[in-house]
file work-v5.pdb (PDB, C-alpha atoms)
ATOM      1  CA  ASN A   1       6.121  12.516  13.176
ATOM      2  CA  ALA A   2       6.230  11.497  16.817
ATOM      3  CA  ARG A   3       7.828   8.141  17.565
ATOM      4  CA  THR A   4       7.135   6.161  20.716
ATOM      5  CA  GLY A   5       8.886   3.010  21.938
ATOM      6  CA  ASP A   6      12.142   1.521  20.703
ATOM      7  CA  PHE A   7      12.570   0.303  17.150
ATOM      8  CA  PRO A   8      12.186  -2.597  16.669
ATOM      9  CA  SER A   9       9.723  -3.488  19.447
ATOM     10  CA  LEU A  10       6.085  -4.435  19.943
ATOM     11  CA  GLU A  11       5.537  -0.967  21.464
ATOM     12  CA  PHE A  12       7.075   1.056  18.625
ATOM     13  CA  ARG A  13       4.649   3.484  16.917
ATOM     14  CA  VAL A  14       5.005   6.333  14.444
ATOM     15  CA  PHE A  15       2.252   8.901  15.046
ATOM     16  CA  PHE A  16       1.525  11.577  12.456
ATOM     17  CA  GLN A  17       1.265  15.259  13.349
ATOM     18  CA  ASP A  18      -0.129  18.308  11.574
ATOM     19  CA  GLU A  19       1.646  21.691  11.344
ATOM     20  CA  SER A  20       0.488  22.611  14.862
ATOM     21  CA  GLY A  21       1.944  19.394  16.313
ATOM     22  CA  ALA A  22      -1.474  17.826  16.957
ATOM     23  CA  LYS A  23      -1.643  14.080  16.298
ATOM     24  CA  VAL A  24      -3.577  13.097  13.168
ATOM     25  CA  SER A  25      -4.311   9.859  11.340
ATOM     26  CA  PRO A  26      -2.344   9.048   8.167
ATOM     27  CA  TRP A  27      -5.368   7.095   6.906
ATOM     28  CA  HIS A  28      -8.098   9.645   7.650
ATOM     29  CA  ASP A  29      -6.446  13.081   7.831
ATOM     30  CA  VAL A  30      -4.007  13.090   4.910
ATOM     31  CA  PRO A  31      -5.837  13.933   1.659
ATOM     32  CA  LEU A  32      -5.755  11.339  -1.111
ATOM     33  CA  LYS A  33      -5.535  13.757  -4.043
ATOM     34  CA  ASN A  34      -3.499  16.862  -4.822
ATOM     35  CA  ALA A  35      -4.506  19.685  -7.159
ATOM     36  CA  ASP A  36      -1.881  18.676  -9.767
ATOM     37  CA  GLY A  37      -3.401  15.198 -10.264
ATOM     38  CA  SER A  38      -0.871  13.426  -8.054
ATOM     39  CA  VAL A  39      -1.906  11.369  -5.017
ATOM     40  CA  ASN A  40      -0.299  11.201  -1.577
ATOM     41  CA  PHE A  41       1.763   8.150  -0.657
ATOM     42  CA  ILE A  42       2.330   7.208   2.979
ATOM     43  CA  CYS A  43       5.639   5.336   3.213
ATOM     44  CA  GLU A  44       5.451   2.460   5.687
ATOM     45  CA  ILE A  45       8.526   0.488   4.564
ATOM     46  CA  PRO A  46      11.545   2.359   3.135
ATOM     47  CA  LYS A  47      13.269   0.678   0.190
ATOM     48  CA  GLU A  48      16.006  -1.854   1.007
ATOM     49  CA  THR A  49      14.606  -2.605   4.490
ATOM     50  CA  LYS A  50      12.611  -5.623   5.632
ATOM     51  CA  ALA A  51      10.693  -4.844   8.844
ATOM     52  CA  LYS A  52       7.027  -5.318   7.894
ATOM     53  CA  MET A  53       5.645  -1.965   9.015
ATOM     54  CA  GLU A  54       2.009  -0.981   8.455
ATOM     55  CA  VAL A  55      -0.579   1.604   9.355
ATOM     56  CA  ALA A  56      -2.535   0.086  12.270
ATOM     57  CA  THR A  57      -6.084   0.513  10.975
ATOM     58  CA  ASP A  58      -7.549  -0.888  14.212
ATOM     59  CA  GLU A  59      -5.776   1.563  16.572
ATOM     60  CA  LYS A  60      -6.858   5.132  17.372
ATOM     61  CA  LEU A  61      -5.058   7.649  15.090
ATOM     62  CA  THR A  62      -3.847   4.652  13.004
ATOM     63  CA  PRO A  63      -0.099   4.996  13.717
ATOM     64  CA  ILE A  64       2.500   2.904  11.869
ATOM     65  CA  LYS A  65       3.568  -0.213  13.782
ATOM     66  CA  GLN A  66       5.391  -3.437  12.973
ATOM     67  CA  ASP A  67       3.128  -6.306  11.975
ATOM     68  CA  THR A  68       3.171  -9.333  14.260
ATOM     69  CA  LYS A  69       2.583 -13.025  13.825
ATOM     70  CA  LYS A  70       1.943 -15.241  16.845
ATOM     71  CA  GLY A  71       3.131 -12.394  19.094
ATOM     72  CA  LYS A  72       6.456 -11.989  17.264
ATOM     73  CA  LEU A  73       7.542  -9.013  15.154
ATOM     74  CA  ARG A  74       7.270  -9.760  11.486
ATOM     75  CA  ASP A  75       9.967  -9.193   8.857
ATOM     76  CA  TYR A  76      10.039  -9.976   5.176
ATOM     77  CA  PRO A  77      12.474 -12.836   4.420
ATOM     78  CA  TYR A  78      14.624 -10.329   2.498
ATOM     79  CA  ASN A  79      14.683  -6.604   1.748
ATOM     80  CA  ILE A  80      11.985  -5.013  -0.360
ATOM     81  CA  ASN A  81      13.639  -3.149  -3.242
ATOM     82  CA  TRP A  82      11.144  -0.262  -3.462
ATOM     83  CA  ASN A  83       9.462   2.157  -1.090
ATOM     84  CA  TYR A  84       6.235   0.534   0.054
ATOM     85  CA  GLY A  85       3.170   1.920   1.721
ATOM     86  CA  MET A  86      -0.416   3.003   1.206
ATOM     87  CA  LEU A  87      -2.865   5.557  -0.158
ATOM     88  CA  PRO A  88      -4.801   7.533   2.472
ATOM     89  CA  GLN A  89      -8.595   7.555   2.359
ATOM     90  CA  THR A  90      -8.821   4.306   0.364
ATOM     91  CA  TRP A  91     -10.174   0.941   1.521
ATOM     92  CA  GLU A  92     -10.552  -2.484  -0.085
ATOM     93  CA  ASP A  93     -14.009  -3.545   1.069
ATOM     94  CA  PRO A  94     -14.132  -7.244   2.040
ATOM     95  CA  LYS A  95     -17.839  -7.297   1.192
ATOM     96  CA  HIS A  96     -17.255  -6.135  -2.382
ATOM     97  CA  GLU A  97     -16.582  -8.947  -4.840
ATOM     98  CA  HIS A  98     -14.702  -8.027  -7.998
ATOM     99  CA  PRO A  99     -17.048  -8.769 -10.936
ATOM    100  CA  THR A 100     -14.601 -10.809 -13.023
ATOM    101  CA  MET A 101     -11.968 -12.052 -10.557
ATOM    102  CA  LYS A 102     -14.601 -13.143  -8.009
ATOM    103  CA  VAL A 103     -12.452 -12.181  -5.026
ATOM    104  CA  SER A 104     -13.179  -9.570  -2.349
ATOM    105  CA  GLY A 105     -11.114  -6.784  -0.787
ATOM    106  CA  ASP A 106      -8.500  -7.421   1.911
ATOM    107  CA  ASN A 107      -9.918  -4.868   4.417
ATOM    108  CA  ASP A 108      -6.896  -2.552   4.103
ATOM    109  CA  PRO A 109      -6.014   0.727   2.403
ATOM    110  CA  VAL A 110      -4.584   0.358  -1.128
ATOM    111  CA  ASP A 111      -0.897  -0.608  -1.257
ATOM    112  CA  VAL A 112       1.672   1.343  -3.260
ATOM    113  CA  VAL A 113       5.071   0.360  -4.661
ATOM    114  CA  GLU A 114       7.056   3.571  -5.284
ATOM    115  CA  ILE A 115       9.830   2.969  -7.820
ATOM    116  CA  GLY A 116      11.848   6.215  -7.488
ATOM    117  CA  SER A 117      15.571   6.280  -6.761
ATOM    118  CA  ALA A 118      15.442   7.878  -3.288
ATOM    119  CA  ALA A 119      14.735   5.884  -0.127
ATOM    120  CA  LEU A 120      11.769   7.605   1.528
ATOM    121  CA  ALA A 121      11.529   7.825   5.311
ATOM    122  CA  MET A 122       9.104   5.673   7.272
ATOM    123  CA  GLY A 123       6.084   7.878   7.956
ATOM    124  CA  SER A 124       6.821  10.365   5.179
ATOM    125  CA  VAL A 125       4.065  11.701   2.914
ATOM    126  CA  THR A 126       5.111  12.039  -0.737
ATOM    127  CA  PRO A 127       3.093  13.167  -3.767
ATOM    128  CA  VAL A 128       3.341  10.397  -6.381
ATOM    129  CA  LYS A 129       2.131   9.732  -9.904
ATOM    130  CA  PRO A 130       0.248   6.408 -10.082
ATOM    131  CA  VAL A 131       0.972   4.709 -13.415
ATOM    132  CA  GLY A 132       0.005   1.043 -13.079
ATOM    133  CA  VAL A 133      -1.589  -1.569 -10.856
ATOM    134  CA  TYR A 134      -1.308  -5.319 -10.255
ATOM    135  CA  ALA A 135      -4.278  -7.323  -8.959
ATOM    136  CA  MET A 136      -2.495  -9.508  -6.428
ATOM    137  CA  ILE A 137      -4.572 -12.260  -4.854
ATOM    138  CA  ASP A 138      -3.317 -13.099  -1.377
ATOM    139  CA  ASP A 139      -5.013 -16.000   0.379
ATOM    140  CA  GLY A 140      -8.127 -15.538  -1.739
ATOM    141  CA  GLU A 141      -8.320 -11.762  -1.075
ATOM    142  CA  LEU A 142      -7.842  -8.962  -3.587
ATOM    143  CA  ASP A 143      -4.821  -6.853  -2.676
ATOM    144  CA  TRP A 144      -4.177  -4.156  -5.304
ATOM    145  CA  LYS A 145      -0.530  -3.062  -5.747
ATOM    146  CA  VAL A 146      -0.383   0.405  -7.297
ATOM    147  CA  ILE A 147       2.887   1.222  -9.089
ATOM    148  CA  ALA A 148       3.837   4.887  -8.671
ATOM    149  CA  ILE A 149       6.758   7.301  -8.826
ATOM    150  CA  SER A 150       7.472  10.305  -6.639
ATOM    151  CA  THR A 151       6.702  13.550  -8.496
ATOM    152  CA  SER A 152      10.106  14.859  -7.366
ATOM    153  CA  ASP A 153      12.044  11.904  -8.803
ATOM    154  CA  PRO A 154      14.343  12.911 -11.711
ATOM    155  CA  LYS A 155      12.621  10.368 -13.990
ATOM    156  CA  SER A 156       9.094  11.388 -12.998
ATOM    157  CA  LYS A 157       8.562  13.656 -16.013
ATOM    158  CA  ASP A 158       9.154  10.673 -18.343
ATOM    159  CA  ILE A 159       6.842   8.275 -16.494
ATOM    160  CA  ASN A 160       3.188   8.921 -17.318
ATOM    161  CA  ASP A 161       1.801   5.446 -17.983
ATOM    162  CA  VAL A 162       2.677   1.814 -17.515
ATOM    163  CA  ALA A 163       4.507   1.535 -20.860
ATOM    164  CA  ASP A 164       6.882   4.308 -19.749
ATOM    165  CA  VAL A 165       7.907   2.216 -16.735
ATOM    166  CA  GLU A 166       9.026  -0.584 -19.053
ATOM    167  CA  LYS A 167      10.856   1.904 -21.267
ATOM    168  CA  HIS A 168      12.759   3.749 -18.522
ATOM    169  CA  PHE A 169      12.975   0.941 -15.931
ATOM    170  CA  PRO A 170      13.268  -2.166 -18.149
ATOM    171  CA  GLY A 171      12.324  -5.371 -16.304
ATOM    172  CA  GLU A 172      11.176  -3.534 -13.172
ATOM    173  CA  LEU A 173       7.480  -4.444 -13.411
ATOM    174  CA  GLU A 174       8.281  -8.138 -13.699
ATOM    175  CA  LYS A 175      10.714  -7.834 -10.763
ATOM    176  CA  ILE A 176       7.920  -6.331  -8.663
ATOM    177  CA  ARG A 177       5.475  -9.064  -9.681
ATOM    178  CA  VAL A 178       7.968 -11.843  -8.879
ATOM    179  CA  TRP A 179       8.898 -10.254  -5.530
ATOM    180  CA  PHE A 180       5.257 -10.137  -4.406
ATOM    181  CA  ARG A 181       4.531 -13.553  -5.880
ATOM    182  CA  ASP A 182       7.342 -15.242  -3.974
ATOM    183  CA  TYR A 183       7.963 -13.430  -0.663
ATOM    184  CA  LYS A 184       5.911 -15.916   1.381
ATOM    185  CA  THR A 185       7.515 -19.040  -0.108
ATOM    186  CA  PRO A 186      10.575 -19.114   2.242
ATOM    187  CA  ASP A 187       8.052 -19.770   5.050
ATOM    188  CA  GLY A 188       6.677 -22.771   3.151
ATOM    189  CA  LYS A 189       3.575 -20.924   1.917
ATOM    190  CA  PRO A 190       2.342 -21.115  -1.681
ATOM    191  CA  GLN A 191       3.062 -18.329  -4.152
ATOM    192  CA  ASN A 192       0.662 -15.408  -4.291
ATOM    193  CA  LYS A 193      -1.429 -15.271  -7.444
ATOM    194  CA  PHE A 194      -2.431 -12.396  -9.718
ATOM    195  CA  GLY A 195      -5.673 -11.694 -11.512
ATOM    196  CA  LEU A 196      -6.134  -9.890 -14.852
ATOM    197  CA  ASP A 197      -3.772 -12.319 -16.621
ATOM    198  CA  ASP A 198      -0.811 -11.292 -14.405
ATOM    199  CA  LYS A 199      -0.821  -7.923 -16.201
ATOM    200  CA  CYS A 200       0.199  -4.606 -14.768
ATOM    201  CA  MET A 201      -2.775  -2.495 -15.855
ATOM    202  CA  ASP A 202      -2.438   1.012 -17.306
ATOM    203  CA  LYS A 203      -2.831   4.436 -15.707
ATOM    204  CA  ALA A 204      -6.523   4.810 -16.633
ATOM    205  CA  TYR A 205      -7.368   1.454 -15.026
ATOM    206  CA  THR A 206      -5.256   2.360 -11.983
ATOM    207  CA  MET A 207      -7.082   5.659 -11.459
ATOM    208  CA  GLY A 208     -10.363   3.717 -11.645
ATOM    209  CA  VAL A 209      -9.178   1.393  -8.855
ATOM    210  CA  ILE A 210      -8.103   4.385  -6.738
ATOM    211  CA  GLU A 211     -11.453   6.113  -7.329
ATOM    212  CA  GLU A 212     -13.465   2.991  -6.479
ATOM    213  CA  THR A 213     -11.518   2.263  -3.270
ATOM    214  CA  HIS A 214     -11.839   5.963  -2.279
ATOM    215  CA  GLU A 215     -15.613   5.551  -2.638
ATOM    216  CA  PHE A 216     -15.503   2.390  -0.477
ATOM    217  CA  TYR A 217     -13.553   4.408   2.106
ATOM    218  CA  ASN A 218     -16.049   7.295   2.014
ATOM    219  CA  ALA A 219     -18.930   4.858   2.543
ATOM    220  CA  LEU A 220     -17.127   3.363   5.555
ATOM    221  CA  LYS A 221     -16.192   6.752   7.038
ATOM    222  CA  SER A 222     -19.687   8.212   6.598
ATOM    223  CA  GLY A 223     -21.395   5.190   8.153
ATOM    224  CA  LYS A 224     -23.173   4.243   4.928
ATOM    225  CA  ARG A 225     -21.178   0.995   5.084
ATOM    226  CA  ALA A 226     -21.325  -0.483   8.593
ATOM    227  CA  ASN A 227     -17.948  -0.622  10.325
ATOM    228  CA  ASP A 228     -18.197  -4.300  11.250
ATOM    229  CA  GLU A 229     -14.465  -4.898  10.691
ATOM    230  CA  GLU A 230     -13.320  -3.284  13.997
ATOM    231  CA  LEU A 231     -11.519  -0.471  12.186
ATOM    232  CA  SER A 232     -10.604   2.811  13.865
ATOM    233  CA  LEU A 233     -12.367   5.678  12.095
ATOM    234  CA  GLU A 234     -10.503   8.391  14.014
TER     235      GLU A 234
END
call {"tool": "encode", "arguments": {"input": "work-v5.pdb", "output": "structure tokens"}}
result
Amino acid sequence: NARTGDFPSLEFRVFFQDESGAKVSPWHDVPLKNADGSVNFICEIPKETKAKMEVATDEKLTPIKQDTKKGKLRDYPYNINWNYGMLPQTWEDPKHEHPTMKVSGDNDPVDVVEIGSAALAMGSVTPVKPVGVYAMIDDGELDWKVIAISTSDPKSKDINDVADVEKHFPGELEKIRVWFRDYKTPDGKPQNKFGLDDKCMDKAYTMGVIEETHEFYNALKSGKRANDEELSLE
């Protein structure tokens, strides 16, 4: 990675580089899938930190920057207890309405909550096993939260589906749901809602969500879906 600007500041950026040192985009140039069935996770926010970092989908090469609100740097009201970030080459299309929940995509790559024990570095790329997904509804937009574990985590071999998370990390799924439900309430905003009966869906459902949002991304990148959202496709 190449970092520019001081952290924290409005100018701070984390640019991604390939082996030759050339700058690449974490959204467009990191593959989604690996040969072993894992997917790549881009860590934006390391666990137990609170600066609201995100891949800037509207800037060339889509570096990581700190989100802003009314010109001020944005933090969560308290630390997030997991590594948080996104899946490359996925996109939640705001023109696609979910058939049963009747809400449309939030115009971002798919979010990931990585539940392993190690804090991952901001800007790191880690192969993870996706095992579950929550359908969070934020301000009327669908905002999938994929639950995953790093393939190198000591517990990874035991975690192959959503039921295994409950078995080996009892209470963790509910903790995640409550954290995402409530993090906006200290600012006087209402709780976020969840579709699909508040359930964390299983691995098969999760892989379907990843596949569908990868197809939405491919349509956007190829030009089949007009880029009318001012996104950077390079």
call {"tool": "resolve_selection", "arguments": {"input": "work-v5.pdb", "expression": "the PyMOL selection byres ((chain A and resi 218-228) around 9)", "output": "NGL selection string"}}
result
:A and (28 or 89-91 or 93 or 213-217 or 229-233)
call {"tool": "resolve_selection", "arguments": {"input": "work-v5.pdb", "expression": "the PyMOL selection byres ((chain A and resi 64) around 6)", "output": "PyMOL selection string"}}
result
chain A and resi 13-14+54-56+63+65
call {"tool": "residues_around", "arguments": {"input": "work-v5.pdb", "residues": "region 31-36 of chain A", "least_positions_apart": "6", "cutoff": "10 Å", "atoms": "only C-alpha atoms", "output": "PyMOL selection string"}}
result
chain A and resi 42+87-90+127-129+210-211+214
call {"tool": "resolve_selection", "arguments": {"input": "work-v5.pdb", "expression": "the PyMOL selection byres ((chain A and resi 44) around 7)", "output": "ChimeraX atom specification"}}
result
/A:42-43,45-46,53-54,64,84-85,122-123
call {"tool": "residues_around", "arguments": {"input": "work-v5.pdb", "residues": "region 197-199 of chain A", "least_positions_apart": "4", "cutoff": "9 Å", "atoms": "only C-alpha atoms", "output": "list in words"}}
result
Val133, Tyr134, Ala135, Met136, Arg177 and Lys193 of chain A
call {"tool": "residues_around", "arguments": {"input": "work-v5.pdb", "residues": "Ser25 (chain A)", "least_positions_apart": "2", "cutoff": "6 Å", "atoms": "only C-alpha atoms", "output": "mmCIF file with C-alpha atoms, in the coordinates of the input"}}
result
data_model
loop_
_atom_site.group_PDB
_atom_site.id
_atom_site.type_symbol
_atom_site.label_atom_id
_atom_site.label_comp_id
_atom_site.auth_asym_id
_atom_site.auth_seq_id
_atom_site.Cartn_x
_atom_site.Cartn_y
_atom_site.Cartn_z
ATOM 1 C CA TRP A 27 -5.368 7.095 6.906
ATOM 2 C CA HIS A 28 -8.098 9.645 7.650
ATOM 3 C CA ASP A 29 -6.446 13.081 7.831
ATOM 4 C CA LEU A 61 -5.058 7.649 15.090
ATOM 5 C CA THR A 62 -3.847 4.652 13.004
#
call {"tool": "closest_residue", "arguments": {"input": "work-v5.pdb", "among": "A:Asp75, A:Asp143, A:Glu92, A:Asp58", "to": "Pro8 (chain A)", "atoms": "only C-alpha atoms"}}
result
A:Asp75
call {"tool": "atom_distance", "arguments": {"input": "work-v5.pdb", "atom1": "CA of Lys203 (chain A)", "atom2": "CA of Ile137 (chain A)"}}
result
20.0 Å
call {"tool": "residues_around", "arguments": {"input": "work-v5.pdb", "residues": "Val146 (chain A)", "least_positions_apart": "2", "cutoff": "8 Å", "atoms": "only C-alpha atoms", "output": "list of chain:residue names"}}
result
A:Val110, A:Asp111, A:Val112, A:Val113, A:Pro130, A:Val131, A:Gly132, A:Val133, A:Tyr134, A:Trp144, A:Ala148, A:Thr206
call {"tool": "write_last_selection", "arguments": {"input": "work-v5.pdb", "atoms": "C-alpha atoms", "output": "PDB file, keeping the file's coordinate frame"}}
result
ATOM      1  CA  VAL A 110      -4.584   0.358  -1.128  1.00  0.00           C
ATOM      2  CA  ASP A 111      -0.897  -0.608  -1.257  1.00  0.00           C
ATOM      3  CA  VAL A 112       1.672   1.343  -3.260  1.00  0.00           C
ATOM      4  CA  VAL A 113       5.071   0.360  -4.661  1.00  0.00           C
ATOM      5  CA  PRO A 130       0.248   6.408 -10.082  1.00  0.00           C
ATOM      6  CA  VAL A 131       0.972   4.709 -13.415  1.00  0.00           C
ATOM      7  CA  GLY A 132       0.005   1.043 -13.079  1.00  0.00           C
ATOM      8  CA  VAL A 133      -1.589  -1.569 -10.856  1.00  0.00           C
ATOM      9  CA  TYR A 134      -1.308  -5.319 -10.255  1.00  0.00           C
ATOM     10  CA  TRP A 144      -4.177  -4.156  -5.304  1.00  0.00           C
ATOM     11  CA  ALA A 148       3.837   4.887  -8.671  1.00  0.00           C
ATOM     12  CA  THR A 206      -5.256   2.360 -11.983  1.00  0.00           C
TER      13      THR A 206
END
call {"tool": "atom_distance", "arguments": {"input": "work-v5.pdb", "atom1": "CA of Phe16 (chain A)", "atom2": "CA of Ser156 (chain A)"}}
result
26.6 Å
call {"tool": "closest_residue", "arguments": {"input": "work-v5.pdb", "among": "A:Lys189, A:Arg3, A:Lys145, A:His96", "to": "Gln17 (chain A)", "atoms": "only C-alpha atoms"}}
result
A:Arg3
call {"tool": "atom_distance", "arguments": {"input": "work-v5.pdb", "atom1": "CA of Trp179 (chain A)", "atom2": "CA of Leu196 (chain A)"}}
result
17.7 Å
call {"tool": "closest_residue", "arguments": {"input": "work-v5.pdb", "among": "A:Gly116, A:Pro26, A:Pro94, A:Pro109", "to": "Ile159 (chain A)", "atoms": "only C-alpha atoms"}}
result
A:Gly116
call {"tool": "decode", "arguments": {"input": "work-v5.pdb", "residues": "region 113-183 of chain A", "atoms": "C-alpha atoms", "output": "mmCIF file, in the first residue's frame"}}
result
data_model
loop_
_atom_site.group_PDB
_atom_site.id
_atom_site.type_symbol
_atom_site.label_atom_id
_atom_site.label_comp_id
_atom_site.auth_asym_id
_atom_site.auth_seq_id
_atom_site.Cartn_x
_atom_site.Cartn_y
_atom_site.Cartn_z
ATOM 1 C CA VAL A 113 -17.764 -8.436 8.960
ATOM 2 C CA GLU A 114 -14.710 -10.656 9.574
ATOM 3 C CA ILE A 115 -14.974 -12.406 12.945
ATOM 4 C CA GLY A 116 -11.436 -13.843 13.307
ATOM 5 C CA SER A 117 -9.229 -13.192 16.323
ATOM 6 C CA ALA A 118 -6.501 -11.140 14.597
ATOM 7 C CA ALA A 119 -6.854 -7.418 13.897
ATOM 8 C CA LEU A 120 -6.266 -7.018 10.157
ATOM 9 C CA ALA A 121 -4.466 -3.962 8.801
ATOM 10 C CA MET A 122 -6.333 -1.198 7.002
ATOM 11 C CA GLY A 123 -5.864 -1.878 3.292
ATOM 12 C CA SER A 124 -4.955 -5.543 3.712
ATOM 13 C CA VAL A 125 -6.367 -8.227 1.405
ATOM 14 C CA THR A 126 -7.299 -11.457 3.203
ATOM 15 C CA PRO A 127 -8.858 -14.656 1.838
ATOM 16 C CA VAL A 128 -11.995 -15.349 3.900
ATOM 17 C CA LYS A 129 -14.712 -17.976 4.097
ATOM 18 C CA PRO A 130 -18.172 -16.364 3.841
ATOM 19 C CA VAL A 131 -20.618 -18.231 6.087
ATOM 20 C CA GLY A 132 -23.642 -15.984 6.623
ATOM 21 C CA VAL A 133 -25.321 -12.734 5.661
ATOM 22 C CA TYR A 134 -27.674 -10.194 7.245
ATOM 23 C CA ALA A 135 -30.007 -8.079 5.098
ATOM 24 C CA MET A 136 -29.574 -4.733 6.822
ATOM 25 C CA ILE A 137 -31.893 -1.962 5.677
ATOM 26 C CA ASP A 138 -30.286 1.440 6.135
ATOM 27 C CA ASP A 139 -32.444 4.452 5.330
ATOM 28 C CA GLY A 140 -34.609 2.359 3.022
ATOM 29 C CA GLU A 141 -31.606 0.868 1.151
ATOM 30 C CA LEU A 142 -30.469 -2.749 1.146
ATOM 31 C CA ASP A 143 -27.011 -3.063 2.677
ATOM 32 C CA TRP A 144 -25.923 -6.719 2.891
ATOM 33 C CA LYS A 145 -23.536 -7.610 5.755
ATOM 34 C CA VAL A 146 -21.622 -10.786 4.924
ATOM 35 C CA ILE A 147 -20.250 -12.668 7.948
ATOM 36 C CA ALA A 148 -16.884 -14.281 7.186
ATOM 37 C CA ILE A 149 -13.744 -15.659 8.807
ATOM 38 C CA SER A 150 -10.161 -15.432 7.610
ATOM 39 C CA THR A 151 -9.003 -18.765 6.155
ATOM 40 C CA SER A 152 -5.847 -18.455 8.281
ATOM 41 C CA ASP A 153 -7.747 -18.024 11.559
ATOM 42 C CA PRO A 154 -7.228 -20.966 13.973
ATOM 43 C CA LYS A 155 -11.006 -21.541 14.131
ATOM 44 C CA SER A 156 -11.518 -21.331 10.369
ATOM 45 C CA LYS A 157 -11.501 -25.103 9.837
ATOM 46 C CA ASP A 158 -14.495 -25.436 12.204
ATOM 47 C CA ILE A 159 -16.540 -22.631 10.634
ATOM 48 C CA ASN A 160 -18.233 -23.747 7.420
ATOM 49 C CA ASP A 161 -21.786 -22.453 7.791
ATOM 50 C CA VAL A 162 -23.823 -20.076 9.885
ATOM 51 C CA ALA A 163 -24.686 -22.699 12.528
ATOM 52 C CA ASP A 164 -20.960 -23.219 13.174
ATOM 53 C CA VAL A 165 -20.606 -19.531 14.065
ATOM 54 C CA GLU A 166 -23.202 -19.942 16.815
ATOM 55 C CA LYS A 167 -21.496 -23.112 18.029
ATOM 56 C CA HIS A 168 -17.929 -21.765 18.179
ATOM 57 C CA PHE A 169 -18.695 -18.063 18.771
ATOM 58 C CA PRO A 170 -21.876 -18.240 20.896
ATOM 59 C CA GLY A 171 -23.849 -14.973 20.844
ATOM 60 C CA GLU A 172 -21.602 -13.358 18.229
ATOM 61 C CA LEU A 173 -24.192 -13.142 15.439
ATOM 62 C CA GLU A 174 -26.663 -11.368 17.702
ATOM 63 C CA LYS A 175 -23.886 -9.015 18.880
ATOM 64 C CA ILE A 176 -23.169 -8.120 15.252
ATOM 65 C CA ARG A 177 -26.855 -7.546 14.503
ATOM 66 C CA VAL A 178 -27.317 -5.317 17.569
ATOM 67 C CA TRP A 179 -24.135 -3.342 16.805
ATOM 68 C CA PHE A 180 -25.308 -2.535 13.268
ATOM 69 C CA ARG A 181 -28.870 -1.940 14.420
ATOM 70 C CA ASP A 182 -27.859 0.633 17.017
ATOM 71 C CA TYR A 183 -24.681 2.448 15.903
#
